[in-house]
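Colleague: Just one file: input-v6.txt, with compact mmCIF, C-alpha atoms (C1' of nucleotides).
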# COMPACT_ATOMS: atom_id res chain seq x y z
CA MET A 1 -66.25 -291.68 36.69
CA ASP A 2 -67.20 -290.17 40.04
CA ARG A 3 -65.40 -287.69 42.27
CA ILE A 4 -63.94 -290.34 44.54
CA GLN A 5 -62.37 -292.16 41.62
CA LEU A 6 -60.97 -288.92 40.24
CA GLN A 7 -59.51 -288.09 43.61
CA ASN A 8 -57.96 -291.52 43.93
CA SER A 9 -56.31 -291.50 40.56
CA PHE A 10 -54.86 -288.06 41.23
CA GLU A 11 -53.45 -289.22 44.55
CA ALA A 12 -52.06 -292.39 43.02
CA TYR A 13 -50.30 -290.37 40.32
CA PHE A 14 -48.70 -288.02 42.80
CA ASN A 15 -47.78 -290.78 45.25
CA GLU A 16 -45.71 -292.45 42.56
CA LEU A 17 -43.20 -289.60 42.68
CA GLY A 18 -42.12 -290.52 46.23
CA TYR A 19 -43.24 -292.04 49.52
CA GLY A 20 -45.97 -291.49 52.03
CA ILE A 21 -48.04 -288.44 51.21
CA ASP A 22 -50.53 -287.63 53.94
CA TRP A 23 -53.62 -286.80 51.89
CA GLN A 24 -55.68 -286.36 55.05
CA ARG A 25 -54.40 -282.80 55.21
CA LEU A 26 -56.13 -281.96 51.96
CA THR A 27 -59.59 -280.67 52.79
CA VAL A 28 -60.10 -278.08 50.06
CA ARG A 29 -62.73 -278.99 47.51
CA MET A 30 -61.74 -280.42 44.15
CA ASP A 31 -63.42 -279.14 40.97
CA VAL A 32 -64.16 -281.32 37.98
CA HIS A 33 -63.93 -280.10 34.37
CA VAL A 34 -64.92 -281.85 31.18
CA ILE A 35 -64.01 -280.16 27.92
CA ARG A 36 -64.44 -281.08 24.31
CA LYS A 37 -61.89 -281.42 21.56
CA GLY A 38 -60.71 -277.99 20.46
CA ASP A 39 -61.86 -276.14 23.57
CA TYR A 40 -59.56 -274.43 26.03
CA LEU A 41 -59.09 -275.27 29.70
CA PHE A 42 -57.69 -271.77 30.10
CA ARG A 43 -56.36 -269.22 27.68
CA GLN A 44 -53.07 -267.41 27.42
CA GLY A 45 -53.18 -264.37 29.69
CA ASP A 46 -55.60 -265.89 32.24
CA PHE A 47 -54.80 -266.03 35.94
CA ALA A 48 -54.76 -269.82 35.90
CA ASN A 49 -53.87 -270.27 39.56
CA ARG A 50 -55.14 -273.85 39.86
CA LEU A 51 -53.34 -277.16 39.87
CA TYR A 52 -54.95 -279.31 37.17
CA PHE A 53 -54.87 -283.04 36.86
CA LEU A 54 -55.64 -284.42 33.42
CA HIS A 55 -57.32 -287.79 34.01
CA SER A 56 -57.99 -288.75 30.45
CA GLY A 57 -57.54 -287.13 27.09
CA LEU A 58 -54.84 -285.18 25.33
CA VAL A 59 -53.97 -281.48 25.46
CA ARG A 60 -51.39 -279.07 24.14
CA TYR A 61 -49.86 -275.98 25.72
CA VAL A 62 -50.10 -273.26 23.11
CA SER A 63 -48.77 -269.74 23.11
CA ILE A 64 -49.65 -267.15 20.51
CA SER A 65 -47.40 -264.30 19.41
CA ASP A 66 -48.54 -260.71 18.85
CA GLU A 67 -48.81 -261.45 15.11
CA GLY A 68 -51.11 -264.36 15.86
CA LYS A 69 -48.70 -267.21 15.23
CA GLU A 70 -49.25 -270.30 17.34
CA PHE A 71 -46.49 -272.18 19.07
CA THR A 72 -47.08 -275.51 20.83
CA GLN A 73 -44.86 -275.85 23.89
CA THR A 74 -45.94 -279.29 25.08
CA PHE A 75 -48.27 -282.16 24.35
CA ALA A 76 -49.63 -283.86 27.46
CA LYS A 77 -51.56 -287.10 27.70
CA GLY A 78 -53.49 -288.09 30.81
CA PRO A 79 -53.05 -289.15 33.51
CA ARG A 80 -50.73 -286.24 34.28
CA ILE A 81 -50.50 -283.04 36.24
CA ILE A 82 -50.76 -279.98 34.01
CA GLY A 83 -51.03 -276.22 34.43
CA SER A 84 -48.82 -273.16 34.42
CA THR A 85 -46.24 -273.32 37.20
CA LYS A 86 -45.47 -269.63 36.77
CA ALA A 87 -49.09 -268.52 36.94
CA MET A 88 -49.84 -270.79 39.93
CA VAL A 89 -46.80 -269.92 41.98
CA THR A 90 -46.47 -266.22 41.27
CA GLU A 91 -50.19 -265.45 40.81
CA THR A 92 -49.52 -263.90 37.43
CA ARG A 93 -51.06 -264.37 34.00
CA THR A 94 -50.15 -267.43 31.95
CA LEU A 95 -47.83 -267.24 28.95
CA PHE A 96 -49.80 -270.00 27.21
CA GLY A 97 -53.23 -271.60 27.01
CA ILE A 98 -54.19 -275.25 27.30
CA GLN A 99 -56.29 -276.69 24.50
CA ALA A 100 -57.84 -280.15 24.36
CA LEU A 101 -56.92 -282.21 21.31
CA GLU A 102 -59.38 -284.89 22.40
CA ASP A 103 -62.35 -284.73 24.74
CA SER A 104 -60.69 -284.53 28.13
CA MET A 105 -61.47 -284.74 31.84
CA PHE A 106 -59.70 -282.84 34.58
CA SER A 107 -59.87 -282.23 38.27
CA SER A 108 -58.38 -279.14 39.87
CA TYR A 109 -57.52 -277.43 43.15
CA PRO A 110 -56.78 -273.79 43.90
CA TRP A 111 -52.99 -273.95 44.16
CA GLN A 112 -52.40 -271.49 47.00
CA VAL A 113 -54.82 -273.31 49.29
CA PHE A 114 -53.63 -276.73 48.18
CA TYR A 115 -50.02 -275.79 48.81
CA GLU A 116 -50.76 -274.19 52.19
CA GLN A 117 -52.49 -277.38 53.34
CA MET A 118 -49.83 -279.76 52.01
CA ARG A 119 -46.56 -277.90 52.59
CA HIS A 120 -46.36 -279.17 56.13
CA ASP A 121 -46.14 -282.74 54.91
CA ILE A 122 -42.62 -283.83 54.12
CA GLY A 123 -43.85 -286.60 51.82
CA PHE A 124 -45.74 -284.10 49.71
CA LEU A 125 -42.83 -281.67 49.54
CA GLU A 126 -40.50 -284.35 48.32
CA CYS A 127 -42.94 -285.39 45.60
CA TYR A 128 -43.48 -281.79 44.60
CA ALA A 129 -39.72 -281.29 44.29
CA LYS A 130 -39.46 -284.45 42.18
CA PHE A 131 -42.25 -283.17 39.98
CA LEU A 132 -40.47 -279.84 39.52
CA GLU A 133 -37.18 -281.57 38.75
CA ARG A 134 -38.91 -283.59 36.10
CA ILE A 135 -40.57 -280.70 34.30
CA PHE A 136 -37.40 -278.64 34.54
CA ILE A 137 -35.32 -281.39 32.97
CA THR A 138 -37.85 -281.72 30.18
CA LYS A 139 -37.52 -278.01 29.44
CA GLU A 140 -33.73 -278.23 29.59
CA GLU A 141 -33.74 -281.02 27.03
CA ARG A 142 -36.14 -279.24 24.76
CA GLU A 143 -34.14 -276.00 24.87
CA ASN A 144 -31.12 -278.08 23.94
CA ALA A 145 -32.86 -279.60 20.92
CA PHE A 146 -34.03 -276.21 19.73
CA VAL A 147 -30.65 -274.64 19.91
CA LYS A 148 -28.58 -277.46 18.51
CA TYR A 149 -30.69 -279.18 15.89
CA SER A 150 -32.27 -278.29 12.56
CA ALA A 151 -36.02 -278.35 12.00
CA GLU A 152 -35.63 -281.60 10.05
CA ARG A 153 -33.82 -283.26 12.93
CA ARG A 154 -36.41 -281.99 15.42
CA TYR A 155 -39.18 -283.44 13.25
CA LEU A 156 -37.50 -286.84 13.13
CA ASP A 157 -36.94 -286.71 16.89
CA PHE A 158 -40.59 -285.82 17.40
CA CYS A 159 -41.70 -288.81 15.34
CA ALA A 160 -39.45 -291.08 17.37
CA ALA A 161 -40.54 -289.63 20.71
CA TYR A 162 -44.29 -289.50 19.98
CA PRO A 163 -45.05 -292.28 17.49
CA GLU A 164 -48.67 -292.37 18.62
CA LEU A 165 -49.15 -288.62 18.04
CA LYS A 166 -47.34 -288.53 14.72
CA ASP A 167 -50.40 -289.68 12.77
CA SER A 168 -53.22 -288.74 15.09
CA ILE A 169 -52.88 -284.96 15.29
CA PRO A 170 -52.92 -282.38 12.50
CA GLN A 171 -49.54 -281.68 10.96
CA GLN A 172 -49.87 -277.98 11.62
CA GLN A 173 -49.67 -278.76 15.32
CA ILE A 174 -46.56 -280.83 14.87
CA ALA A 175 -45.11 -277.91 12.90
CA SER A 176 -45.97 -275.49 15.67
CA TYR A 177 -44.31 -277.84 18.17
CA ILE A 178 -41.03 -277.98 16.29
CA GLY A 179 -41.19 -274.24 15.69
CA ILE A 180 -41.87 -273.92 11.96
CA THR A 181 -44.86 -273.28 9.68
CA PRO A 182 -47.02 -276.06 8.25
CA VAL A 183 -45.72 -275.17 4.79
CA ALA A 184 -42.13 -275.65 5.91
CA LEU A 185 -42.98 -278.99 7.52
CA SER A 186 -44.62 -280.15 4.33
CA ARG A 187 -41.43 -279.27 2.45
CA ILE A 188 -39.31 -281.19 4.95
CA ARG A 189 -41.54 -284.25 4.66
CA GLN A 190 -41.29 -284.04 0.88
CA ARG A 191 -37.50 -283.89 1.12
CA LEU A 192 -37.40 -286.89 3.45
CA LYS A 193 -39.69 -288.88 1.18
CA LEU A 194 -37.36 -288.27 -1.79
CA ALA A 195 -34.30 -289.10 0.28
CA ARG A 196 -35.84 -292.41 1.27
CA GLY A 197 -36.15 -293.19 -2.46
CA MET B 1 -12.19 -266.08 52.42
CA ASP B 2 -12.02 -269.23 54.51
CA ARG B 3 -14.14 -272.36 54.45
CA ILE B 4 -16.36 -271.26 57.31
CA GLN B 5 -17.26 -268.04 55.57
CA LEU B 6 -17.98 -269.87 52.34
CA GLN B 7 -20.19 -272.29 54.18
CA ASN B 8 -22.05 -269.47 55.91
CA SER B 9 -22.75 -267.51 52.77
CA PHE B 10 -24.05 -270.64 51.05
CA GLU B 11 -26.39 -271.37 53.96
CA ALA B 12 -27.55 -267.77 54.10
CA TYR B 13 -28.38 -267.84 50.39
CA PHE B 14 -30.37 -271.04 50.65
CA ASN B 15 -32.13 -269.99 53.86
CA GLU B 16 -33.55 -266.96 52.08
CA LEU B 17 -35.75 -269.20 49.98
CA GLY B 18 -37.79 -270.29 53.00
CA TYR B 19 -37.71 -270.90 56.73
CA GLY B 20 -35.67 -272.91 59.18
CA ILE B 21 -33.26 -275.20 57.40
CA ASP B 22 -31.52 -277.57 59.80
CA TRP B 23 -27.96 -277.39 58.54
CA GLN B 24 -26.75 -279.65 61.33
CA ARG B 25 -27.75 -282.60 59.19
CA LEU B 26 -25.17 -281.67 56.60
CA THR B 27 -21.95 -283.46 57.45
CA VAL B 28 -20.54 -284.19 54.01
CA ARG B 29 -17.41 -282.28 53.14
CA MET B 30 -17.58 -279.15 51.02
CA ASP B 31 -15.03 -278.61 48.23
CA VAL B 32 -13.70 -275.21 47.24
CA HIS B 33 -12.88 -274.23 43.65
CA VAL B 34 -11.23 -271.11 42.33
CA ILE B 35 -11.11 -270.68 38.58
CA ARG B 36 -9.82 -267.95 36.31
CA LYS B 37 -11.58 -265.97 33.64
CA GLY B 38 -12.14 -268.13 30.57
CA ASP B 39 -11.71 -271.47 32.35
CA TYR B 40 -14.42 -274.07 32.77
CA LEU B 41 -15.91 -275.33 36.03
CA PHE B 42 -17.07 -278.35 34.06
CA ARG B 43 -17.53 -279.06 30.39
CA GLN B 44 -20.48 -280.19 28.33
CA GLY B 45 -20.71 -283.96 28.52
CA ASP B 46 -19.18 -284.27 32.00
CA PHE B 47 -20.94 -286.11 34.81
CA ALA B 48 -21.27 -282.92 36.85
CA ASN B 49 -23.13 -284.47 39.75
CA ARG B 50 -22.28 -281.75 42.28
CA LEU B 51 -24.27 -278.86 43.63
CA TYR B 52 -22.19 -275.72 43.07
CA PHE B 53 -22.49 -272.42 44.85
CA LEU B 54 -20.95 -269.45 43.05
CA HIS B 55 -19.78 -267.10 45.80
CA SER B 56 -18.26 -264.39 43.68
CA GLY B 57 -17.67 -263.88 40.01
CA LEU B 58 -19.66 -264.34 36.83
CA VAL B 59 -20.23 -267.42 34.69
CA ARG B 60 -22.16 -268.50 31.64
CA TYR B 61 -23.81 -271.83 30.81
CA VAL B 62 -22.66 -272.69 27.31
CA SER B 63 -23.65 -275.53 25.04
CA ILE B 64 -21.91 -276.33 21.80
CA SER B 65 -23.56 -277.95 18.77
CA ASP B 66 -22.05 -280.72 16.68
CA GLU B 67 -20.86 -278.10 14.18
CA GLY B 68 -19.06 -276.25 16.96
CA LYS B 69 -21.45 -273.34 17.37
CA GLU B 70 -21.72 -271.94 20.89
CA PHE B 71 -24.99 -271.11 22.57
CA THR B 72 -25.15 -269.33 25.92
CA GLN B 73 -28.10 -270.54 27.96
CA THR B 74 -27.68 -268.40 31.08
CA PHE B 75 -25.47 -265.79 32.67
CA ALA B 76 -25.12 -266.20 36.45
CA LYS B 77 -23.58 -263.77 38.91
CA GLY B 78 -22.63 -264.78 42.44
CA PRO B 79 -23.85 -265.35 45.04
CA ARG B 80 -26.03 -268.01 43.47
CA ILE B 81 -26.52 -271.75 43.20
CA ILE B 82 -25.44 -273.09 39.84
CA GLY B 83 -24.99 -276.47 38.17
CA SER B 84 -26.87 -278.85 35.92
CA THR B 85 -30.11 -280.01 37.52
CA LYS B 86 -30.41 -282.79 34.97
CA ALA B 87 -26.88 -284.10 35.47
CA MET B 88 -27.15 -283.92 39.26
CA VAL B 89 -30.53 -285.50 39.62
CA THR B 90 -30.36 -288.17 36.96
CA GLU B 91 -26.60 -288.88 37.16
CA THR B 92 -26.23 -288.26 33.45
CA ARG B 93 -23.87 -286.12 31.38
CA THR B 94 -24.46 -282.38 31.19
CA LEU B 95 -25.90 -280.73 28.09
CA PHE B 96 -23.76 -277.61 28.72
CA GLY B 97 -20.54 -276.47 30.35
CA ILE B 98 -19.99 -273.64 32.82
CA GLN B 99 -17.35 -271.09 31.92
CA ALA B 100 -16.09 -268.24 34.12
CA LEU B 101 -16.37 -264.79 32.56
CA GLU B 102 -14.50 -263.34 35.54
CA ASP B 103 -12.22 -264.98 38.10
CA SER B 104 -14.72 -266.88 40.25
CA MET B 105 -14.94 -268.78 43.52
CA PHE B 106 -17.22 -271.73 44.20
CA SER B 107 -17.98 -274.27 46.84
CA SER B 108 -19.59 -277.60 46.03
CA TYR B 109 -21.16 -280.75 47.46
CA PRO B 110 -21.78 -284.13 45.89
CA TRP B 111 -25.50 -283.85 45.18
CA GLN B 112 -26.60 -287.41 45.95
CA VAL B 113 -25.04 -287.33 49.40
CA PHE B 114 -26.15 -283.77 50.05
CA TYR B 115 -29.71 -284.61 49.10
CA GLU B 116 -29.76 -287.82 51.10
CA GLN B 117 -28.67 -285.94 54.23
CA MET B 118 -31.05 -283.02 53.76
CA ARG B 119 -34.20 -284.64 52.36
CA HIS B 120 -35.43 -285.50 55.82
CA ASP B 121 -35.60 -281.82 56.73
CA ILE B 122 -38.88 -280.21 55.77
CA GLY B 123 -37.30 -276.74 55.78
CA PHE B 124 -34.74 -277.81 53.22
CA LEU B 125 -37.29 -279.52 51.00
CA GLU B 126 -39.42 -276.43 50.88
CA CYS B 127 -36.43 -274.27 49.92
CA TYR B 128 -35.36 -276.77 47.30
CA ALA B 129 -38.86 -276.73 45.81
CA LYS B 130 -38.80 -272.92 45.78
CA PHE B 131 -35.44 -273.00 44.06
CA LEU B 132 -36.76 -275.39 41.41
CA GLU B 133 -39.86 -273.25 40.89
CA ARG B 134 -37.64 -270.26 40.33
CA ILE B 135 -35.35 -271.83 37.75
CA PHE B 136 -38.30 -273.43 35.99
CA ILE B 137 -40.10 -270.11 35.69
CA THR B 138 -36.95 -268.50 34.31
CA LYS B 139 -36.81 -271.18 31.61
CA GLU B 140 -40.50 -270.78 30.87
CA GLU B 141 -40.05 -267.05 30.34
CA ARG B 142 -36.98 -267.49 28.18
CA GLU B 143 -38.69 -270.10 26.00
CA ASN B 144 -41.50 -267.62 25.60
CA ALA B 145 -39.16 -264.84 24.47
CA PHE B 146 -37.45 -267.12 21.99
CA VAL B 147 -40.61 -268.25 20.39
CA LYS B 148 -42.47 -264.98 20.26
CA TYR B 149 -39.90 -262.28 19.66
CA SER B 150 -37.43 -261.34 16.94
CA ALA B 151 -33.68 -261.28 17.52
CA GLU B 152 -33.81 -257.48 17.64
CA ARG B 153 -36.44 -257.51 20.36
CA ARG B 154 -34.50 -260.14 22.32
CA TYR B 155 -31.40 -257.97 22.12
CA LEU B 156 -33.25 -254.94 23.44
CA ASP B 157 -34.78 -257.04 26.22
CA PHE B 158 -31.34 -258.35 27.10
CA CYS B 159 -29.97 -254.81 27.37
CA ALA B 160 -32.86 -253.84 29.64
CA ALA B 161 -32.56 -256.96 31.80
CA TYR B 162 -28.76 -256.98 32.15
CA PRO B 163 -27.60 -253.36 31.87
CA GLU B 164 -24.42 -254.20 33.78
CA LEU B 165 -23.51 -257.03 31.39
CA LYS B 166 -24.37 -255.14 28.23
CA ASP B 167 -21.00 -253.35 28.12
CA SER B 168 -18.83 -255.64 30.22
CA ILE B 169 -18.90 -258.88 28.22
CA PRO B 170 -17.91 -259.52 24.60
CA GLN B 171 -20.70 -258.99 22.11
CA GLN B 172 -20.24 -262.45 20.69
CA GLN B 173 -21.45 -263.81 23.98
CA ILE B 174 -24.51 -261.59 23.94
CA ALA B 175 -25.13 -262.85 20.41
CA SER B 176 -24.84 -266.45 21.53
CA TYR B 177 -27.29 -265.73 24.36
CA ILE B 178 -29.96 -264.33 22.05
CA GLY B 179 -29.34 -267.14 19.60
CA ILE B 180 -27.70 -265.43 16.62
CA THR B 181 -24.16 -264.95 15.24
CA PRO B 182 -21.93 -262.00 16.19
CA VAL B 183 -22.21 -260.76 12.61
CA ALA B 184 -25.99 -260.70 12.82
CA LEU B 185 -25.87 -258.85 16.14
CA SER B 186 -23.58 -256.27 14.67
CA ARG B 187 -26.06 -255.72 11.85
CA ILE B 188 -28.90 -255.33 14.31
CA ARG B 189 -26.94 -252.78 16.34
CA GLN B 190 -26.18 -250.87 13.16
CA ARG B 191 -29.87 -250.84 12.25
CA LEU B 192 -30.82 -249.62 15.72
CA LYS B 193 -28.19 -246.87 15.57
CA LEU B 194 -29.60 -245.60 12.27
CA ALA B 195 -33.16 -245.83 13.56
CA ARG B 196 -32.27 -243.70 16.56
CA GLY B 197 -31.05 -241.04 14.10
C1' DA C 1 5.66 -247.89 22.25
C1' DG C 2 5.20 -251.58 19.10
C1' DA C 3 3.62 -256.23 17.99
C1' DA C 4 0.12 -259.64 18.08
C1' DG C 5 -4.18 -261.61 18.90
C1' DG C 6 -8.83 -260.96 19.65
C1' DA C 7 -13.26 -258.38 18.91
C1' DA C 8 -16.36 -255.69 16.10
C1' DT C 9 -17.84 -253.92 11.72
C1' DT C 10 -19.02 -254.14 6.99
C1' DA C 11 -19.91 -256.13 2.50
C1' DA C 12 -21.21 -259.85 -0.79
C1' DC C 13 -23.33 -263.80 -1.18
C1' DC C 14 -26.17 -268.01 0.39
C1' DT C 15 -29.92 -270.67 2.54
C1' DA C 16 -33.62 -272.21 5.62
C1' DG C 17 -37.67 -271.06 6.47
C1' DG C 18 -41.62 -267.48 6.03
C1' DT C 19 -45.53 -265.69 3.01
C1' DT C 20 -49.11 -265.94 -0.24
C1' DA C 21 -51.91 -268.29 -3.02
C1' DA C 22 -53.91 -272.03 -5.65
C1' DG C 23 -55.05 -276.81 -6.05
C1' DA C 24 -55.66 -281.53 -4.17
C1' DA C 25 -56.90 -284.46 -0.48
C1' DT C 26 -59.51 -285.42 3.71
C1' DA C 27 -62.85 -284.69 7.21
C1' DT C 28 -67.23 -283.48 9.16
C1' DA C 29 -71.89 -282.02 8.94
C1' DG C 30 -76.33 -282.12 7.23
C1' DC D 1 -74.14 -289.22 -0.13
C1' DT D 2 -73.37 -284.69 -1.14
C1' DA D 3 -71.72 -280.15 0.50
C1' DT D 4 -68.65 -277.50 3.18
C1' DA D 5 -64.79 -276.88 5.65
C1' DT D 6 -60.34 -278.13 6.99
C1' DT D 7 -55.77 -279.85 6.06
C1' DC D 8 -51.96 -280.79 3.15
C1' DT D 9 -49.15 -279.99 -0.76
C1' DT D 10 -46.77 -277.41 -4.16
C1' DA D 11 -44.93 -273.38 -6.38
C1' DA D 12 -43.09 -268.59 -6.66
C1' DC D 13 -41.24 -265.23 -4.25
C1' DC D 14 -39.25 -262.82 0.03
C1' DT D 15 -36.44 -262.04 4.20
C1' DA D 16 -33.80 -262.72 8.44
C1' DG D 17 -30.02 -264.48 9.60
C1' DG D 18 -25.80 -267.51 8.35
C1' DT D 19 -21.12 -267.68 5.98
C1' DT D 20 -16.84 -265.99 4.48
C1' DA D 21 -13.62 -262.72 4.28
C1' DA D 22 -11.46 -258.17 4.42
C1' DT D 23 -10.82 -254.01 7.42
C1' DT D 24 -10.64 -251.57 11.48
C1' DC D 25 -10.50 -251.25 16.33
C1' DC D 26 -9.07 -252.74 20.98
C1' DT D 27 -6.55 -255.19 24.31
C1' DT D 28 -2.83 -257.11 26.29
C1' DC D 29 1.78 -258.58 26.48
C1' DT D 30 6.74 -257.79 26.05
I'd like the structure from this file rewritten - as structure tokens, please.
Modeller:
Amino acid sequence: MDRIQLQNSFEAYFNELGYGIDWQRLTVRMDVHVIRKGDYLFRQGDFANRLYFLHSGLVRYVSISDEGKEFTQTFAKGPRIIGSTKAMVTETRTLFGIQALEDSMFSSYPWQVFYEQMRHDIGFLECYAKFLERIFITKEERENAFVKYSAERRYLDFCAAYPELKDSIPQQQIASYIGITPVALSRIRQRLKLARG
Amino acid sequence: MDRIQLQNSFEAYFNELGYGIDWQRLTVRMDVHVIRKGDYLFRQGDFANRLYFLHSGLVRYVSISDEGKEFTQTFAKGPRIIGSTKAMVTETRTLFGIQALEDSMFSSYPWQVFYEQMRHDIGFLECYAKFLERIFITKEERENAFVKYSAERRYLDFCAAYPELKDSIPQQQIASYIGITPVALSRIRQRLKLARG
DNA sequence: AGAAGGAATTAACCTAGGTTAAGAATATAG
DNA sequence: CTATATTCTTAACCTAGGTTAATTCCTTCT
């Protein structure tokens, strides 16, 4: 896959959010990253001020507490925009890292320059707003699930929402996504198995 | 406070997020709401498809689980934009209600019409994107706190972040904001009192 | 001021999930 | 095809926070 193809698939993805983005304005150079399963695109605490586009592969957003416990915030499958909105927009350190769960390919732009070049295009701004709406709503729904439902219910919802991930990633990562330990998840699965007869 | 003043303070608030919004485009009629302490602006499960501006007063976003337990997602003090982004944007039911903690005054617009009139203005779109960035980052930081810190730590952080609320709202609402019961919060406060000697 | 309805505290008990550790089941590498 | 390392399960025990309920403390209303 060459740079032109990468560029095109990124533009196509973003264009789908709205109408008529003027990509001619974008002159800043794109970087290309290829990382292997298990490696990190960036780590928690980095100044990850780039906009990343995941072309192919699978990643998770993972944050680690002071005591070293991992928590998976999101799974993301390409093609999709990824990155830390907070770190990009406010030029601060990230609250999470991004780890590849499969070999993955990304392109990226420095956000401040990208935004400065594109913010004068109304088509871009509308797509950017749509993108932000979408990720905000996702967070709203996830907060809701966390607050209202038990770990067992969240596990069942996860299996329904990500049937393709359910069996293809380690259970400890599912556990860290629903906010419990692998041991607790194993117990829940045991309980469900018995309940099913 | 008359309608013109309400309109002006809303525009001033939104203008601060960026430059040069063309408010002439906005011709749809604004509604005005006044509600008393304890009452709801809208309830969880409503189609709250309006953009609300809280001019004065204090509200909380509260969601209630199937078992009837309350969880406070946000406290918001005027002047500020409030409402459910999800319900507005996707025309679905809200996941939370908005309750006044003090007598409060709002204005509101039907979002779909508002957006249709304003989306052709680049100044508005940029402000809207900035607004979305801001609320997204707030959620990102709160998710982080929930996942990484104990209830005690979240309580201390709350006291530091909202010193003015700490003593002016019922403790049960602080408890529901940090995600525990009033009884548990009382225990934590007791423990902290002892620790301080 | 007195009555009444919340709000906060405290205590006793319960439970979901955490912790540690050992064994069984899979992967992955050589 | 072993050997080594992960991952998953299971069990025993622990802990933070939930539940219920009684008691005290504030408000607020008349």
Colleague: For chain B, list the residues within 10 Å of chain C, counting all atoms listed in the file, and write the list as a list in words.
Modeller: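 That gives Pro170, Gln171, Gln172, Pro182, Val183, Ser186, Arg187 and Gln190 of chain B for chain B.
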Colleague: So what do you get for CA of Arg29 in chain A versus CA of Leu58 in chain A, distance-wise?
Modeller: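 Going from CA of Arg29 in chain A over to CA of Leu58 in chain A covers 24.3 Å.
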Colleague: Quick one: residues within 9 Å of Tyr52 in chain A, only C-alpha atoms (C1' of nucleotides), excluding same-chain residues fewer than 5 positions away - as a list in words?
Modeller: Arg80, Ile81, Ile82, Gly83, Phe106, Ser107, Ser108, Tyr109 and Pro110 of chain A
Colleague: In Å, with one decimal, what is the gap from CA of Leu156 in chain B to CA of Ser104 in chain B?
Modeller: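 Interatomic distance here is 27.7 Å.
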Colleague: C1' of DG17 in chain D to CA of Ser63 in chain A: how many Å, to one decimal?
Modeller: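 Computing the Euclidean distance for C1' of DG17 in chain D and CA of Ser63 in chain A yields 23.7 Å.
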Colleague: Residues of chain B were defined as contacting chain D if any atom lay at most 10 Å from it, counting all atoms listed in the file; please report them as JSON, numbers by chain.
Modeller: {"B": [150, 151, 180, 181, 183, 184, 185, 187]}
Colleague: Near chain A, which residues of chain B fall within 8 Å when you count all atoms listed in the file, and what do they look like as a ChimeraX atom specification?
Modeller: /B:63-66,71,85-86,89,95,119-122,125-126,128-129,132-133,135-137,139-141,143-144,147-149,179
